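*Asks:* For reference, the file query02.tsv (TSV, C-alpha atoms) is included below:
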chain	number	residue	atom	x	y	z
D	1	MET	CA	0.00	0.00	0.00
D	2	LYS	CA	2.81	2.40	0.94
D	3	THR	CA	4.70	1.48	-2.22
D	4	LYS	CA	1.71	2.35	-4.45
D	5	LEU	CA	1.24	5.65	-2.65
D	6	LEU	CA	4.94	6.52	-3.01
D	7	LEU	CA	4.88	5.52	-6.68
D	8	LYS	CA	1.83	7.73	-7.33
D	9	LEU	CA	3.44	10.62	-5.48
D	10	PHE	CA	6.66	10.17	-7.47
D	11	LEU	CA	4.77	10.11	-10.79
D	12	ALA	CA	2.78	13.20	-9.82
D	13	MET	CA	6.01	15.04	-8.95
D	14	MET	CA	7.60	14.03	-12.26
D	15	LEU	CA	4.55	15.24	-14.19
D	16	PHE	CA	4.57	18.55	-12.31
D	17	ALA	CA	8.30	18.99	-12.89
D	18	GLY	CA	7.91	18.29	-16.61
D	19	VAL	CA	5.07	20.78	-17.01
D	20	PHE	CA	6.92	23.41	-15.00
D	21	THR	CA	10.13	22.92	-16.98
D	22	ASN	CA	8.36	23.34	-20.35
D	23	ALA	CA	6.39	26.36	-19.17
D	24	GLN	CA	9.61	28.13	-18.21
D	25	LYS	CA	11.61	27.31	-21.34
D	26	VAL	CA	13.41	30.40	-22.58
D	27	VAL	CA	12.62	31.11	-26.23
D	28	LYS	CA	15.29	32.97	-28.17
D	29	SER	CA	14.18	35.68	-30.58
D	30	ASP	CA	15.63	33.84	-33.58
D	31	GLU	CA	13.46	30.82	-32.70
D	32	ILE	CA	10.22	32.75	-33.19
D	33	THR	CA	8.50	32.10	-36.50
D	34	VAL	CA	5.07	32.89	-37.86
D	35	GLU	CA	4.27	29.16	-37.74
D	36	GLY	CA	5.43	29.00	-34.11
D	37	LEU	CA	3.31	32.01	-33.16
D	38	LYS	CA	0.30	30.48	-34.91
D	39	LYS	CA	0.78	27.22	-32.99
D	40	LEU	CA	1.12	29.11	-29.70
D	41	MET	CA	-2.11	31.01	-30.38
D	42	ASP	CA	-3.91	27.81	-31.35
D	43	ASP	CA	-2.67	26.09	-28.18
D	44	ALA	CA	-3.82	29.05	-26.06
D	45	GLY	CA	-7.29	29.01	-27.63
D	46	ILE	CA	-6.80	32.34	-29.40
D	47	VAL	CA	-8.36	32.48	-32.85
D	48	VAL	CA	-5.86	32.95	-35.69
D	49	VAL	CA	-7.63	34.88	-38.45
D	50	SER	CA	-4.76	34.76	-40.95
D	51	THR	CA	-0.99	34.72	-41.31
D	52	GLY	CA	1.51	36.42	-43.59
D	53	THR	CA	5.24	36.27	-44.11
D	54	ASP	CA	5.95	38.30	-40.97
D	55	PHE	CA	2.68	38.48	-39.01
D	56	VAL	CA	-0.13	36.56	-37.35
D	57	LYS	CA	-3.56	38.19	-37.27
D	58	ILE	CA	-5.48	37.10	-34.17
D	59	LYS	CA	-8.90	37.68	-32.64
D	60	ASN	CA	-8.70	38.08	-28.88
D	61	THR	CA	-11.81	40.19	-28.21
D	62	TYR	CA	-10.38	42.55	-30.87
D	63	THR	CA	-8.72	41.64	-34.16
D	64	TRP	CA	-5.08	42.72	-34.36
D	65	ASN	CA	-1.68	41.71	-35.72
D	66	ILE	CA	1.48	40.40	-34.14
D	67	TYR	CA	4.44	41.30	-36.36
D	68	ASN	CA	7.68	39.36	-36.04
D	69	ASP	CA	10.69	41.59	-36.63
D	70	LYS	CA	13.73	39.44	-35.83
D	71	ALA	CA	16.16	42.12	-36.97
D	72	LYS	CA	14.90	44.53	-34.31
D	73	GLY	CA	14.53	41.92	-31.58
D	74	TYR	CA	10.87	42.40	-30.73
D	75	LEU	CA	7.32	41.45	-31.63
D	76	THR	CA	4.98	44.33	-32.44
D	77	PHE	CA	1.32	44.06	-31.46
D	78	SER	CA	-0.60	46.46	-33.70
D	79	VAL	CA	-4.13	47.52	-34.49
D	80	THR	CA	-5.50	50.38	-36.61
D	81	TYR	CA	-8.94	51.93	-36.36
D	82	LYS	CA	-10.73	54.43	-38.57
D	83	SER	CA	-11.69	57.75	-37.05
D	84	LYS	CA	-15.22	59.06	-36.86
D	85	GLU	CA	-16.27	61.12	-39.88
D	86	GLY	CA	-15.30	64.77	-39.38
D	87	THR	CA	-12.64	64.12	-36.74
D	88	THR	CA	-10.25	67.07	-36.79
D	89	TYR	CA	-6.51	66.74	-36.44
D	90	THR	CA	-6.71	68.81	-33.26
D	91	LYS	CA	-9.29	66.51	-31.64
D	92	ALA	CA	-7.40	63.40	-32.73
D	93	SER	CA	-4.13	64.81	-31.37
D	94	GLU	CA	-5.78	65.66	-28.06
D	95	LEU	CA	-7.06	62.10	-27.80
D	96	THR	CA	-3.76	60.44	-28.72
D	97	ASN	CA	-1.91	62.68	-26.25
D	98	LYS	CA	-4.42	61.78	-23.55
D	99	LEU	CA	-4.13	58.06	-24.29
D	100	ASN	CA	-0.31	58.15	-24.40
D	101	LYS	CA	-0.36	59.88	-21.02
D	102	GLU	CA	-3.03	57.79	-19.29
D	103	VAL	CA	-2.68	54.31	-20.81
D	104	ALA	CA	0.63	52.67	-19.99
D	105	MET	CA	2.75	50.33	-22.11
D	106	SER	CA	1.37	51.19	-25.57
D	107	ARG	CA	1.87	53.88	-28.18
D	108	PHE	CA	-1.10	55.68	-29.72
D	109	ASP	CA	-0.82	57.62	-32.99
D	110	PHE	CA	-3.09	59.38	-35.45
D	111	ASP	CA	-2.39	59.47	-39.18
D	112	ALA	CA	-4.01	62.59	-40.63
D	113	GLU	CA	-3.70	61.37	-44.21
D	114	SER	CA	-5.55	58.08	-43.72
D	115	LYS	CA	-7.63	59.42	-40.78
D	116	THR	CA	-6.77	56.39	-38.67
D	117	PHE	CA	-5.71	55.73	-35.10
D	118	ALA	CA	-3.00	53.16	-34.46
D	119	VAL	CA	-2.12	51.37	-31.23
D	120	ASN	CA	1.24	49.58	-30.91
D	121	TYR	CA	2.96	47.59	-28.20
D	122	TYR	CA	6.50	46.26	-28.44
D	123	PHE	CA	7.26	42.91	-26.79
D	124	MET	CA	11.02	42.60	-26.39
D	125	CYS	CA	12.45	39.24	-27.46
D	126	GLU	CA	16.16	40.04	-27.43
D	127	GLY	CA	17.89	37.73	-24.98
D	128	GLY	CA	14.86	35.45	-24.88
D	129	PHE	CA	11.55	35.23	-23.05
D	130	VAL	CA	9.22	32.65	-21.54
D	131	MET	CA	5.92	31.89	-23.27
D	132	SER	CA	3.86	32.74	-20.19
D	133	ASN	CA	5.15	36.33	-20.44
D	134	LEU	CA	4.12	36.52	-24.09
D	135	MET	CA	0.62	35.35	-23.18
D	136	LYS	CA	0.46	37.97	-20.39
D	137	ALA	CA	1.54	40.65	-22.87
D	138	ILE	CA	-1.24	39.60	-25.26
D	139	THR	CA	-3.77	39.96	-22.45
D	140	LEU	CA	-2.27	43.32	-21.49
D	141	PHE	CA	-2.56	44.62	-25.06
D	142	ARG	CA	-6.18	43.49	-25.28
D	143	ASP	CA	-6.91	45.31	-22.00
D	144	THR	CA	-5.05	48.39	-23.29
D	145	ILE	CA	-7.36	48.57	-26.30
D	146	THR	CA	-10.39	48.22	-24.03
D	147	LEU	CA	-9.17	51.02	-21.75
D	148	ALA	CA	-8.37	53.29	-24.70
D	149	LEU	CA	-11.85	52.82	-26.14
D	150	GLN	CA	-13.37	53.60	-22.73
D	151	LYS	CA	-11.31	56.81	-22.48
D	152	ASP	CA	-12.46	57.91	-25.94
D	153	THR	CA	-15.52	59.74	-24.54
D	154	GLU	CA	-16.14	61.60	-27.82
D	155	MET	CA	-16.22	58.28	-29.73
D	156	LEU	CA	-13.58	59.38	-32.26
D	157	ILE	CA	-12.23	55.83	-32.67
D	158	LEU	CA	-14.46	53.54	-34.75
Please go through the file and, once you have read it, give me the structure as structure tokens.

*Replies:*
Amino acid sequence: MKTKLLLKLFLAMMLFAGVFTNAQKVVKSDEITVEGLKKLMDDAGIVVVSTGTDFVKIKNTYTWNIYNDKAKGYLTFSVTYKSKEGTTYTKASELTNKLNKEVAMSRFDFDAESKTFAVNYYFMCEGGFVMSNLMKAITLFRDTITLALQKDTEMLIL
């Protein structure tokens, strides 16, 4: 009886150790590929809308892209929204300044020519990272978009 209990305990510890070891594996930036990102998103239950040569488009409440730029050593999370008809450059600038000041970790911009708002977040890969941190960053970016839309009281972002 004791032997079976010890054996079960040993197997449970080995399983835990194996899961913990894989969850903490350091991924080097040159190991990240579009196919690898797609698999990670699939495994995490995040819908992959499409892929390209250097990006994965996902739907995680919002639809946005993850660009893989190995040369720069980071992944870029990016989304672009149209502005409300008649949005002036002054109003758009006021909003982007407000968002850049009040919403941490992301960069908000307005392109006057295309009349679009862009939100970007840079996930540093240089030196490596663990997958759990990438998943946390994805959640953070999703929450950043939500907060930005809530702070847009004039509904300039469509």

*Asks:* Which residues come within 9 Å of range 134-148 of chain D, counting only C-alpha atoms, excluding same-chain residues fewer than 2 positions away, as a tab-separated table (two decimals) with C-alpha atoms, keeping the file's coordinate frame?

*Replies:*
chain	number	residue	atom	x	y	z
D	41	MET	CA	-2.11	31.01	-30.38
D	44	ALA	CA	-3.82	29.05	-26.06
D	60	ASN	CA	-8.70	38.08	-28.88
D	61	THR	CA	-11.81	40.19	-28.21
D	62	TYR	CA	-10.38	42.55	-30.87
D	77	PHE	CA	1.32	44.06	-31.46
D	79	VAL	CA	-4.13	47.52	-34.49
D	99	LEU	CA	-4.13	58.06	-24.29
D	102	GLU	CA	-3.03	57.79	-19.29
D	103	VAL	CA	-2.68	54.31	-20.81
D	104	ALA	CA	0.63	52.67	-19.99
D	105	MET	CA	2.75	50.33	-22.11
D	106	SER	CA	1.37	51.19	-25.57
D	119	VAL	CA	-2.12	51.37	-31.23
D	120	ASN	CA	1.24	49.58	-30.91
D	121	TYR	CA	2.96	47.59	-28.20
D	123	PHE	CA	7.26	42.91	-26.79
D	129	PHE	CA	11.55	35.23	-23.05
D	130	VAL	CA	9.22	32.65	-21.54
D	131	MET	CA	5.92	31.89	-23.27
D	132	SER	CA	3.86	32.74	-20.19
D	150	GLN	CA	-13.37	53.60	-22.73
D	151	LYS	CA	-11.31	56.81	-22.48
D	152	ASP	CA	-12.46	57.91	-25.94

*Asks:* Could you give me, as a PyMOL selection string, the residues within 9 Å of range 46-49 of chain D, counting all atoms listed in the file and dropping anything in the same chain fewer than 5 positions from it?

*Replies:* chain D and resi 38+40-41+56-60+63

*Asks:* In Å, with one decimal, what is the gap from CA of Arg107 in chain D to CA of Glu94 in chain D?

*Replies:*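 Taking CA of Arg107 in chain D and CA of Glu94 in chain D, their separation equals 14.0 Å.
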
*Asks:* One decimal, Å: what's the distance from CA of Asn100 in chain D over to CA of Gly86 in chain D, could you say?

*Replies:* 22.2 Å

*Asks:* When distances are computed from only C-alpha atoms, which of D:Tyr74, D:Thr153, D:Glu85, D:Asp30 shows the smallest separation from Lys98 in chain D?

*Replies:* D:Thr153

*Asks:* What's around Lys84 in chain D at 12 Å? Count all atoms listed in the file, leave out sequence neighbours fewer than 5 positions away in its own chain, and write the answer as a VMD selection string.

*Replies:* chain D and resid 89 91 to 92 114 to 117 152 154 to 158

*Asks:* How far is it from CA of Leu37 in chain D to CA of Met124 in chain D, in Å with one decimal?

*Replies:*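 Here the two named atoms are 14.7 Å from each other.
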
*Asks:* Please list as a PyMOL selection string every residue within 8 Å of Ala118 in chain D, counting all atoms listed in the file and excluding residues in the same chain fewer than 3 positions away.

*Replies:* chain D and resi 78-81+107-111

*Asks:* Kindly indicate which residue among D:Val26, D:Thr76, D:Ala112, D:Ala71 lies nearest to Thr90 in chain D, using all atoms listed in the file for the distances.

*Replies:* D:Ala112

*Asks:* Determine, counting only C-alpha atoms, which protein, DNA and RNA residues have an atom within 8 Å of an atom of Asn68 in chain D; residues of the same chain fewer than 4 positions away are not included. Present the result as a list in words.

*Replies:* Ile32, Thr33, Val34, Asp54, Phe55, Tyr74, Leu75 and Thr76 of chain D

*Asks:* Calculated over all atoms listed in the file, which of the candidates D:Glu126, D:Asp69, D:Glu35, D:Glu113 has the smallest distance to Ser50 in chain D?

*Replies:*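 Of D:Glu126, D:Asp69, D:Glu35, D:Glu113, the one nearest Ser50 in chain D is D:Glu35, counting all atoms listed in the file.
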
*Asks:* Have a look at D:Lys82, D:Lys101, D:Lys70, D:Lys39 and name the one nearest to Gly127 in chain D; count only C-alpha atoms.

*Replies:*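 Using only C-alpha atoms, the shortest distance to Gly127 in chain D belongs to D:Lys70.
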
*Asks:* Which one of D:Ser93, D:Gly45, D:Cys125, D:Glu31 sits closest to Gly73 in chain D if you count all atoms listed in the file?

*Replies:*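 So, comparing all the options, the nearest one is D:Cys125.
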